[in-house]
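Below: model.cif (mmCIF, C-alpha atoms)
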data_structure
#
loop_
_atom_site.label_atom_id
_atom_site.label_comp_id
_atom_site.auth_asym_id
_atom_site.auth_seq_id
_atom_site.Cartn_x
_atom_site.Cartn_y
_atom_site.Cartn_z
CA MET C 1 -18.56 -23.78 56.20
CA ARG C 2 -19.87 -24.77 59.62
CA SER C 3 -20.31 -28.21 61.11
CA TYR C 4 -22.09 -29.42 64.22
CA THR C 5 -22.06 -32.84 65.87
CA ASP C 6 -24.35 -34.23 68.54
CA TYR C 7 -25.09 -37.67 69.96
CA LEU C 8 -28.40 -38.96 71.31
CA THR C 9 -28.52 -41.87 73.74
CA PHE C 10 -31.28 -44.42 74.11
CA GLU C 11 -31.97 -47.26 76.49
CA THR C 12 -35.42 -48.58 75.65
CA LYS C 13 -37.32 -50.64 78.19
CA LYS C 14 -38.55 -53.00 75.49
CA ARG C 15 -36.53 -55.09 73.06
CA ARG C 16 -38.23 -53.25 70.19
CA ASP C 17 -39.45 -49.68 70.18
CA TYR C 18 -39.96 -46.64 67.98
CA VAL C 19 -38.95 -43.20 69.28
CA ASN C 20 -39.90 -39.92 67.58
CA ILE C 21 -36.66 -37.88 67.53
CA THR C 22 -37.84 -35.02 65.29
CA GLY C 23 -37.73 -32.52 68.16
CA ARG C 24 -34.24 -33.53 69.23
CA VAL C 25 -32.93 -33.34 65.66
CA SER C 26 -34.60 -29.93 65.23
CA ASP C 27 -32.92 -28.77 68.45
CA ALA C 28 -29.55 -29.80 67.02
CA VAL C 29 -30.24 -27.81 63.85
CA ALA C 30 -31.11 -24.76 65.93
CA ALA C 31 -27.99 -25.18 68.09
CA SER C 32 -25.80 -25.51 64.99
CA GLY C 33 -26.63 -22.02 63.74
CA ILE C 34 -26.64 -23.49 60.21
CA ALA C 35 -29.21 -21.93 57.87
CA GLU C 36 -28.60 -23.93 54.67
CA GLY C 37 -27.13 -27.42 54.67
CA LEU C 38 -27.59 -31.12 55.21
CA CYS C 39 -28.35 -32.95 58.45
CA HIS C 40 -27.24 -36.57 58.72
CA VAL C 41 -28.81 -38.80 61.41
CA SER C 42 -27.65 -42.38 61.86
CA ALA C 43 -27.86 -45.20 64.34
CA MET C 44 -24.36 -46.13 65.51
CA HIS C 45 -25.47 -49.72 66.10
CA ILE C 46 -26.26 -52.40 63.57
CA THR C 47 -29.46 -53.52 65.23
CA ALA C 48 -31.28 -50.18 65.13
CA GLY C 49 -32.43 -47.90 62.35
CA VAL C 50 -33.44 -44.33 61.59
CA TYR C 51 -36.31 -43.58 59.22
CA VAL C 52 -38.75 -40.88 58.17
CA ASN C 53 -42.48 -41.59 58.12
CA ASP C 54 -45.79 -40.76 59.77
CA ASP C 55 -46.13 -40.57 63.59
CA GLU C 56 -49.13 -42.91 63.64
CA SER C 57 -49.40 -46.01 65.81
CA GLY C 58 -51.30 -48.04 63.19
CA PHE C 59 -48.51 -47.51 60.66
CA ARG C 60 -45.94 -48.62 63.25
CA ALA C 61 -47.95 -51.79 63.89
CA ASP C 62 -48.07 -52.44 60.12
CA LEU C 63 -44.30 -51.91 59.87
CA THR C 64 -43.63 -54.28 62.74
CA ALA C 65 -45.88 -56.90 61.10
CA LEU C 66 -44.02 -56.55 57.77
CA LEU C 67 -40.62 -56.83 59.47
CA GLU C 68 -41.82 -59.86 61.44
CA ARG C 69 -42.77 -61.54 58.14
CA LEU C 70 -39.43 -60.65 56.55
CA ALA C 71 -37.21 -61.46 59.55
CA PRO C 72 -39.15 -63.26 62.28
CA GLU C 73 -37.92 -63.12 65.87
CA GLY C 74 -36.63 -66.47 67.10
CA ALA C 75 -35.96 -68.01 63.68
CA ASP C 76 -32.89 -70.19 63.25
CA TYR C 77 -30.43 -67.54 62.03
CA ARG C 78 -26.88 -68.43 61.07
CA HIS C 79 -25.79 -65.34 63.06
CA HIS C 80 -26.94 -67.13 66.22
CA GLN C 81 -24.07 -69.60 65.90
CA THR C 82 -21.92 -66.78 67.31
CA GLY C 83 -23.92 -66.94 70.54
CA GLU C 84 -25.98 -63.86 69.66
CA ASP C 85 -29.79 -64.00 69.61
CA ASN C 86 -30.53 -60.90 67.53
CA GLY C 87 -30.30 -62.14 63.94
CA GLU C 88 -33.67 -60.63 63.09
CA ALA C 89 -32.54 -57.22 64.39
CA HIS C 90 -29.60 -57.12 61.95
CA LEU C 91 -31.91 -57.91 59.03
CA ARG C 92 -34.53 -55.36 60.10
CA ASN C 93 -31.77 -52.72 60.21
CA MET C 94 -30.98 -53.64 56.57
CA MET C 95 -34.62 -53.30 55.50
CA VAL C 96 -35.37 -50.02 57.32
CA GLY C 97 -31.96 -48.39 56.88
CA HIS C 98 -29.61 -47.08 59.53
CA GLN C 99 -29.50 -43.43 58.42
CA VAL C 100 -31.31 -40.53 56.84
CA VAL C 101 -30.11 -37.23 55.40
CA LEU C 102 -32.44 -34.27 55.88
CA PRO C 103 -32.28 -30.89 54.17
CA VAL C 104 -31.86 -27.76 56.29
CA THR C 105 -33.45 -24.61 54.81
CA GLU C 106 -33.69 -21.18 56.46
CA GLY C 107 -32.40 -22.63 59.73
CA ALA C 108 -34.89 -25.48 60.08
CA LEU C 109 -35.43 -29.07 58.91
CA ASP C 110 -37.09 -28.84 55.47
CA LEU C 111 -39.64 -31.63 55.99
CA GLY C 112 -43.03 -32.22 54.41
CA PRO C 113 -46.20 -31.85 56.50
CA TRP C 114 -46.30 -35.44 57.80
CA GLU C 115 -42.61 -36.30 57.82
CA GLN C 116 -41.30 -37.26 61.25
CA VAL C 117 -37.87 -38.71 62.10
CA PHE C 118 -37.86 -41.94 64.08
CA TYR C 119 -35.30 -44.07 65.87
CA ALA C 120 -36.23 -47.73 65.43
CA GLU C 121 -34.85 -49.98 68.14
CA PHE C 122 -34.71 -53.67 67.20
CA ASP C 123 -32.56 -54.96 70.08
CA GLY C 124 -32.81 -52.59 73.00
CA GLN C 125 -32.76 -52.73 76.79
CA ARG C 126 -29.18 -51.45 76.69
CA ARG C 127 -27.45 -48.13 75.99
CA LYS C 128 -27.24 -47.18 72.32
CA ARG C 129 -26.40 -44.04 70.39
CA VAL C 130 -27.41 -41.98 67.36
CA VAL C 131 -25.04 -39.47 65.74
CA ILE C 132 -26.26 -36.19 64.22
CA LYS C 133 -23.87 -34.36 61.90
CA ILE C 134 -24.94 -31.10 60.29
CA ILE C 135 -22.85 -29.25 57.72
CA GLY C 136 -23.65 -26.05 55.89
CA GLU C 137 -23.36 -22.33 56.30
CA MET J 138 -19.65 -22.91 50.50
CA ARG J 139 -22.67 -22.62 48.24
CA SER J 140 -26.11 -24.09 48.65
CA TYR J 141 -29.05 -24.40 46.29
CA THR J 142 -32.62 -25.49 46.95
CA ASP J 143 -35.33 -26.44 44.50
CA TYR J 144 -38.70 -28.16 44.72
CA LEU J 145 -40.35 -30.37 42.10
CA THR J 146 -44.10 -30.88 42.08
CA PHE J 147 -45.97 -33.96 40.90
CA GLU J 148 -49.62 -34.82 40.43
CA THR J 149 -49.73 -38.24 38.83
CA LYS J 150 -52.89 -39.37 37.01
CA LYS J 151 -52.53 -42.88 38.46
CA ARG J 152 -52.42 -43.95 42.10
CA ARG J 153 -48.98 -45.45 41.45
CA ASP J 154 -46.37 -44.25 39.01
CA TYR J 155 -42.64 -43.98 38.39
CA VAL J 156 -41.21 -40.71 37.01
CA ASN J 157 -37.63 -40.33 35.74
CA ILE J 158 -36.38 -37.08 37.30
CA THR J 159 -32.69 -37.35 36.32
CA GLY J 160 -32.97 -34.44 33.89
CA ARG J 161 -34.69 -32.18 36.41
CA VAL J 162 -32.10 -33.00 39.09
CA SER J 163 -29.30 -32.37 36.59
CA ASP J 164 -30.87 -29.01 35.74
CA ALA J 165 -30.80 -28.09 39.44
CA VAL J 166 -27.11 -29.02 39.65
CA ALA J 167 -26.39 -26.81 36.63
CA ALA J 168 -28.41 -23.92 38.09
CA SER J 169 -26.58 -24.23 41.42
CA GLY J 170 -23.19 -23.44 39.92
CA ILE J 171 -21.72 -26.03 42.30
CA ALA J 172 -18.79 -28.01 40.87
CA GLU J 173 -17.99 -30.36 43.78
CA GLY J 174 -20.54 -31.35 46.38
CA LEU J 175 -23.51 -33.47 47.37
CA CYS J 176 -27.02 -33.39 45.96
CA HIS J 177 -29.84 -34.56 48.23
CA VAL J 178 -33.20 -35.51 46.66
CA SER J 179 -36.12 -36.54 48.86
CA ALA J 180 -39.85 -37.04 48.68
CA MET J 181 -41.55 -34.67 51.12
CA HIS J 182 -44.42 -37.14 51.56
CA ILE J 183 -44.47 -40.43 53.38
CA THR J 184 -46.23 -42.33 50.63
CA ALA J 185 -43.68 -41.70 47.88
CA GLY J 186 -40.04 -42.56 47.40
CA VAL J 187 -36.92 -41.58 45.48
CA TYR J 188 -34.54 -44.22 44.18
CA VAL J 189 -31.73 -44.83 41.70
CA ASN J 190 -31.94 -47.71 39.24
CA ASP J 191 -32.32 -48.60 35.56
CA ASP J 192 -34.84 -46.81 33.32
CA GLU J 193 -36.33 -50.06 32.05
CA SER J 194 -40.04 -50.90 32.09
CA GLY J 195 -39.49 -54.59 32.85
CA PHE J 196 -37.51 -53.73 35.98
CA ARG J 197 -40.29 -51.39 37.09
CA ALA J 198 -42.85 -54.18 36.63
CA ASP J 199 -40.62 -56.49 38.70
CA LEU J 200 -40.32 -53.86 41.44
CA THR J 201 -44.08 -53.33 41.53
CA ALA J 202 -44.61 -57.09 41.78
CA LEU J 203 -42.14 -57.33 44.69
CA LEU J 204 -43.76 -54.41 46.53
CA GLU J 205 -47.21 -55.93 45.95
CA ARG J 206 -45.99 -59.15 47.60
CA LEU J 207 -44.45 -57.24 50.54
CA ALA J 208 -47.29 -54.75 51.05
CA PRO J 209 -50.36 -55.67 49.01
CA GLU J 210 -52.89 -52.99 48.10
CA GLY J 211 -56.19 -53.43 49.89
CA ALA J 212 -54.90 -55.55 52.76
CA ASP J 213 -56.33 -54.97 56.23
CA TYR J 214 -53.77 -52.48 57.54
CA ARG J 215 -53.94 -51.13 61.07
CA HIS J 216 -53.25 -47.69 59.58
CA HIS J 217 -56.67 -47.86 57.89
CA GLN J 218 -58.36 -47.55 61.29
CA THR J 219 -57.52 -43.83 60.99
CA GLY J 220 -59.78 -43.61 57.93
CA GLU J 221 -56.86 -43.66 55.50
CA ASP J 222 -56.69 -46.27 52.72
CA ASN J 223 -52.97 -46.04 51.87
CA GLY J 224 -51.32 -48.39 54.36
CA GLU J 225 -49.46 -50.18 51.60
CA ALA J 226 -48.04 -46.87 50.32
CA HIS J 227 -46.43 -46.10 53.71
CA LEU J 228 -44.77 -49.52 53.77
CA ARG J 229 -43.56 -49.26 50.16
CA ASN J 230 -41.96 -45.90 51.06
CA MET J 231 -40.10 -47.73 53.86
CA MET J 232 -38.86 -50.47 51.51
CA VAL J 233 -37.78 -48.21 48.62
CA GLY J 234 -36.55 -45.28 50.70
CA HIS J 235 -37.65 -41.65 50.58
CA GLN J 236 -34.31 -40.08 49.64
CA VAL J 237 -31.03 -40.40 47.81
CA VAL J 238 -27.77 -38.49 48.02
CA LEU J 239 -25.87 -38.09 44.74
CA PRO J 240 -22.28 -36.93 44.27
CA VAL J 241 -21.61 -33.84 42.16
CA THR J 242 -18.24 -33.85 40.36
CA GLU J 243 -16.99 -31.24 37.86
CA GLY J 244 -20.40 -29.58 37.83
CA ALA J 245 -22.50 -32.65 37.01
CA LEU J 246 -24.14 -35.62 38.74
CA ASP J 247 -21.46 -38.28 39.11
CA LEU J 248 -23.61 -41.28 38.13
CA GLY J 249 -22.71 -44.63 36.64
CA PRO J 250 -23.69 -45.46 33.05
CA TRP J 251 -27.13 -46.88 33.86
CA GLU J 252 -28.00 -44.96 37.00
CA GLN J 253 -31.19 -42.91 36.70
CA VAL J 254 -33.03 -41.06 39.47
CA PHE J 255 -36.71 -41.88 39.88
CA TYR J 256 -39.64 -40.51 41.82
CA ALA J 257 -41.84 -43.41 42.94
CA GLU J 258 -45.43 -42.42 43.60
CA PHE J 259 -47.38 -44.88 45.76
CA ASP J 260 -50.48 -42.75 46.50
CA GLY J 261 -50.85 -40.11 43.82
CA GLN J 262 -53.63 -38.26 42.05
CA ARG J 263 -52.89 -35.24 44.25
CA ARG J 264 -50.17 -32.59 44.47
CA LYS J 265 -46.93 -33.76 46.04
CA ARG J 266 -43.41 -32.39 46.26
CA VAL J 267 -39.76 -33.40 46.13
CA VAL J 268 -37.01 -31.25 47.64
CA ILE J 269 -33.55 -30.96 46.05
CA LYS J 270 -30.77 -29.51 48.24
CA ILE J 271 -27.26 -29.18 46.82
CA ILE J 272 -24.28 -28.05 48.88
CA GLY J 273 -20.66 -27.69 47.83
CA GLU J 274 -18.35 -25.21 46.22
CA MET U 275 -14.92 -25.98 52.18
CA ARG U 276 -12.92 -28.92 50.90
CA SER U 277 -14.00 -31.81 48.74
CA TYR U 278 -12.35 -35.09 47.84
CA THR U 279 -13.35 -37.71 45.28
CA ASP U 280 -12.12 -41.26 44.89
CA TYR U 281 -13.26 -44.34 42.98
CA LEU U 282 -12.87 -47.98 44.00
CA THR U 283 -12.95 -50.74 41.41
CA PHE U 284 -14.15 -54.31 41.91
CA GLU U 285 -14.17 -57.40 39.79
CA THR U 286 -15.45 -60.22 41.97
CA LYS U 287 -14.78 -63.83 41.03
CA LYS U 288 -18.27 -64.86 42.07
CA ARG U 289 -21.61 -63.57 40.79
CA ARG U 290 -22.44 -62.48 44.35
CA ASP U 291 -20.03 -61.32 47.00
CA TYR U 292 -19.67 -59.03 49.99
CA VAL U 293 -16.48 -56.93 50.36
CA ASN U 294 -15.55 -55.01 53.52
CA ILE U 295 -14.45 -51.56 52.28
CA THR U 296 -14.19 -49.80 55.65
CA GLY U 297 -10.41 -49.56 55.40
CA ARG U 298 -10.49 -48.13 51.89
CA VAL U 299 -13.13 -45.55 52.83
CA SER U 300 -11.10 -44.62 55.93
CA ASP U 301 -8.04 -44.18 53.72
CA ALA U 302 -10.01 -41.77 51.53
CA VAL U 303 -11.05 -39.76 54.59
CA ALA U 304 -7.41 -39.55 55.72
CA ALA U 305 -6.28 -38.52 52.22
CA SER U 306 -8.96 -35.82 52.05
CA GLY U 307 -7.57 -33.90 55.00
CA ILE U 308 -11.16 -33.21 56.04
CA ALA U 309 -11.75 -33.11 59.81
CA GLU U 310 -15.51 -32.46 59.97
CA GLY U 311 -17.88 -33.39 57.18
CA LEU U 312 -19.90 -36.04 55.37
CA CYS U 313 -18.59 -39.01 53.38
CA HIS U 314 -20.84 -40.38 50.65
CA VAL U 315 -20.17 -43.89 49.30
CA SER U 316 -22.27 -45.31 46.46
CA ALA U 317 -22.24 -48.12 43.96
CA MET U 318 -22.19 -46.69 40.43
CA HIS U 319 -24.05 -49.75 39.13
CA ILE U 320 -27.64 -50.73 39.60
CA THR U 321 -26.92 -54.33 40.47
CA ALA U 322 -24.69 -53.68 43.49
CA GLY U 323 -25.21 -52.01 46.85
CA VAL U 324 -23.37 -50.36 49.72
CA TYR U 325 -24.47 -50.94 53.30
CA VAL U 326 -23.32 -50.68 56.92
CA ASN U 327 -23.59 -53.70 59.22
CA ASP U 328 -21.59 -56.26 61.17
CA ASP U 329 -18.57 -58.04 59.61
CA GLU U 330 -19.87 -61.49 60.51
CA SER U 331 -20.26 -64.37 58.07
CA GLY U 332 -23.41 -65.72 59.70
CA PHE U 333 -25.17 -62.37 59.25
CA ARG U 334 -24.11 -62.31 55.60
CA ALA U 335 -25.59 -65.80 55.10
CA ASP U 336 -28.84 -64.62 56.74
CA LEU U 337 -28.92 -61.56 54.47
CA THR U 338 -28.37 -63.68 51.36
CA ALA U 339 -31.18 -66.02 52.46
CA LEU U 340 -33.55 -63.08 52.98
CA LEU U 341 -32.69 -61.58 49.59
CA GLU U 342 -33.13 -64.99 47.94
CA ARG U 343 -36.64 -65.18 49.42
CA LEU U 344 -37.47 -61.63 48.28
CA ALA U 345 -35.89 -61.84 44.82
CA PRO U 346 -34.90 -65.38 43.92
CA GLU U 347 -32.20 -66.00 41.33
CA GLY U 348 -33.56 -67.51 38.13
CA ALA U 349 -37.18 -66.42 38.59
CA ASP U 350 -39.12 -65.32 35.53
CA TYR U 351 -38.46 -61.57 35.74
CA ARG U 352 -39.99 -59.14 33.25
CA HIS U 353 -36.57 -57.49 33.04
CA HIS U 354 -35.27 -60.67 31.39
CA GLN U 355 -37.33 -59.91 28.27
CA THR U 356 -34.55 -57.41 27.46
CA GLY U 357 -32.09 -60.30 27.19
CA GLU U 358 -30.60 -59.64 30.64
CA ASP U 359 -30.47 -62.38 33.28
CA ASN U 360 -29.96 -60.24 36.39
CA GLY U 361 -33.49 -59.24 37.39
CA GLU U 362 -32.92 -60.40 40.96
CA ALA U 363 -29.77 -58.25 41.23
CA HIS U 364 -31.74 -55.07 40.42
CA LEU U 365 -34.30 -55.87 43.10
CA ARG U 366 -31.65 -56.74 45.70
CA ASN U 367 -30.02 -53.35 45.02
CA MET U 368 -33.40 -51.75 45.80
CA MET U 369 -33.76 -53.66 49.08
CA VAL U 370 -30.19 -53.12 50.36
CA GLY U 371 -29.68 -49.60 49.00
CA HIS U 372 -26.96 -48.34 46.67
CA GLN U 373 -25.42 -45.73 48.96
CA VAL U 374 -24.58 -44.67 52.48
CA VAL U 375 -23.58 -41.35 54.01
CA LEU U 376 -21.12 -41.52 56.89
CA PRO U 377 -20.21 -38.76 59.34
CA VAL U 378 -16.58 -37.61 59.56
CA THR U 379 -15.52 -36.31 62.99
CA GLU U 380 -12.02 -35.25 64.05
CA GLY U 381 -10.59 -36.58 60.79
CA ALA U 382 -12.05 -40.10 60.94
CA LEU U 383 -15.24 -41.99 60.11
CA ASP U 384 -17.56 -41.55 63.11
CA LEU U 385 -18.83 -45.15 63.27
CA GLY U 386 -20.19 -47.19 66.14
CA PRO U 387 -18.18 -50.11 67.54
CA TRP U 388 -19.53 -52.76 65.17
CA GLU U 389 -20.33 -50.67 62.11
CA GLN U 390 -18.47 -51.75 58.99
CA VAL U 391 -19.01 -50.53 55.42
CA PHE U 392 -19.64 -53.21 52.80
CA TYR U 393 -19.85 -53.38 49.03
CA ALA U 394 -22.53 -55.90 48.07
CA GLU U 395 -22.06 -57.38 44.61
CA PHE U 396 -25.19 -58.96 43.14
CA ASP U 397 -24.01 -59.42 39.54
CA GLY U 398 -20.24 -59.53 39.46
CA GLN U 399 -17.49 -61.18 37.45
CA ARG U 400 -16.96 -57.89 35.62
CA ARG U 401 -15.43 -54.50 36.40
CA LYS U 402 -17.59 -52.26 38.56
CA ARG U 403 -17.03 -49.04 40.49
CA VAL U 404 -17.88 -47.28 43.75
CA VAL U 405 -17.60 -43.51 44.13
CA ILE U 406 -16.52 -41.86 47.40
CA LYS U 407 -17.22 -38.13 47.77
CA ILE U 408 -16.22 -36.35 50.97
CA ILE U 409 -17.08 -32.72 51.70
CA GLY U 410 -16.31 -30.70 54.80
CA GLU U 411 -13.59 -28.57 56.26
#

Could you render the structure as structure tokens?
Amino acid sequence: MRSYTDYLTFETKKRRDYVNITGRVSDAVAASGIAEGLCHVSAMHITAGVYVNDDESGFRADLTALLERLAPEGADYRHHQTGEDNGEAHLRNMMVGHQVVLPVTEGALDLGPWEQVFYAEFDGQRRKRVVIKIIGE
Amino acid sequence: MRSYTDYLTFETKKRRDYVNITGRVSDAVAASGIAEGLCHVSAMHITAGVYVNDDESGFRADLTALLERLAPEGADYRHHQTGEDNGEAHLRNMMVGHQVVLPVTEGALDLGPWEQVFYAEFDGQRRKRVVIKIIGE
Amino acid sequence: MRSYTDYLTFETKKRRDYVNITGRVSDAVAASGIAEGLCHVSAMHITAGVYVNDDESGFRADLTALLERLAPEGADYRHHQTGEDNGEAHLRNMMVGHQVVLPVTEGALDLGPWEQVFYAEFDGQRRKRVVIKIIGE
């Protein structure tokens, strides 16, 4: 069995952003030399997520609108009693998910035609990390 | 280490449907010959999901009602400016999730008594696929 | 390749509760002897979840409030026609997710500074289980 670990770093200019990381994850799969296995990708922070969906700006606007309805920015969160101001970012992480697992087949990510891997930043403007862990043979 | 890959195909008659795929995933585990490992199951399309829950029609009606509140069909989605009409299906994929990972123990899915694996179609009536990737020994 | 399987049992005093299981999952990783791999943790019941987020009581109150808005306790769920009274617990499981996959690096969970693993009980006061399955080398 082989394993391969890599870390991506992000420091978005905006508080919220979506970053297509499909190419960087594919590069990690290629570097791993693993032909058949599983590729785990997760945000190492609790105010960011990783998801798979379409790379289409209208969809991203719809997602942001849904998350704003579910967990509006600036609402009176209990979490803010700690001095933090990112209560909505924690809840958006819970709704979107902080990780995905992707199949690796014949040395490449085994994704459908429209599947793209995204990093979703909900509380950016500071350095944050994603871990990629690939295991297989 | 062993690996095993299989693909399921679906073409639901309705735009939205839920299909119990526990038996088909179990068949893949048996065919893999893997006794201890992990079984990944994911929709290869961004308007369908895979989840684990009860095989009970009332629960499915409750889930549909919740998803209709979160992402109503026919709303004025930004994604529709591309000419698509399935904005709600993309958002339901985000809420339900497009993948699950299931433990394999002693050659079988290691599920609790009521856990069943479902394919959730949110924009059907055309050919779509699910990938199963099992790794272990 | 090595694999390791463990089960945690819970019987919460309250109908709903959150339990930090990071230490118990870390213990399983140590017991496995696996240095590089993936650690799967899932609720074996369809009315409980497993998630990663901050160990902060205000966040947990915010999460409960969000889930109460999405799937209120005591609403008139179709699932209740079966005689059950836990329709909201099934839906909360769907929103939070029943499983996580965690990377294992150099013999330990490869988590970010604030990431903690939680068991979320939505219908407790009875014996329930979580399965941990670690594979790697």

Nearest candidate to Val404 of chain U (options U:Val324, U:Leu312, U:Met275, U:Ala302; using only C-alpha atoms):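 Checking each of U:Val324, U:Leu312, U:Met275, U:Ala302 against Val404 of chain U, counting only C-alpha atoms, the winner is U:Val324.
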
Give the answer as one residue: which of U:Leu282, U:Ala317, U:Met369, U:Val299 has the shortest atom-to-atom distance to chain C, using only C-alpha atoms?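 The answer is U:Met369, which sits nearest to chain C.
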
Between J:Ile271, J:Leu207, J:Ala212, J:Ala226, which residue has the minimum interatomic distance to chain U, considering only C-alpha atoms?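 Looking only at the distances to chain U, the closest residue turns out to be J:Leu207.
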
Contact set, chain J to chain C: 10 Å, all atoms listed in the file, as number ranges by chain: J: 138-142, 175-184, 207-208, 213-219, 223-225, 227-228, 230-238, 265-273

Residues at most 8 Å from Ala245 of chain J, counting all atoms listed in the file, excluding those fewer than 6 positions away in the same chain, as a PyMOL selection string? chain J and resi 163+166-167+172

Quick one: everything within 10 Å of Lys287 of chain U, counting all atoms listed in the file, minus sequence neighbours fewer than 3 positions away in the same chain. Send it as a count of residues only. 6

Hey, can you check how far atom CA of Pro346 of chain U sits from atom CA of Val391 of chain U?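 Atom-to-atom, atom CA of Pro346 of chain U to atom CA of Val391 of chain U, that is 24.6 Å.
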
Atom CA of Asn294 of chain U to atom CA of Glu121 of chain C: how many Å, to one decimal?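 So the two atoms, atom CA of Asn294 of chain U and atom CA of Glu121 of chain C, lie 24.7 Å apart.
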
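Closest approach to Thr149 of chain J among J:Glu221, J:Glu243, J:Asp260, J:Asp192: J:Asp260, based on all atoms listed in the file.
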
Report as a PDB file with C-alpha atoms, in the frame of the given file the residues that result from applying the PyMOL selection byres ((chain J and resi 155) around 6) to the structure here.
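This is the output file selection.pdb:
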ATOM      1  CA  ASP J 154     -46.370 -44.250  39.010  1.00  0.00           C
ATOM      2  CA  VAL J 156     -41.210 -40.710  37.010  1.00  0.00           C
ATOM      3  CA  TYR J 256     -39.640 -40.510  41.820  1.00  0.00           C
ATOM      4  CA  ALA J 257     -41.840 -43.410  42.940  1.00  0.00           C
TER       5      ALA J 257
END

Just give me the gap between atom CA of Phe118 of chain C and atom CA of Arg15 of chain C in Å, one decimal is fine.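 One can read the atom CA of Phe118 of chain C to atom CA of Arg15 of chain C distance as 16.0 Å.
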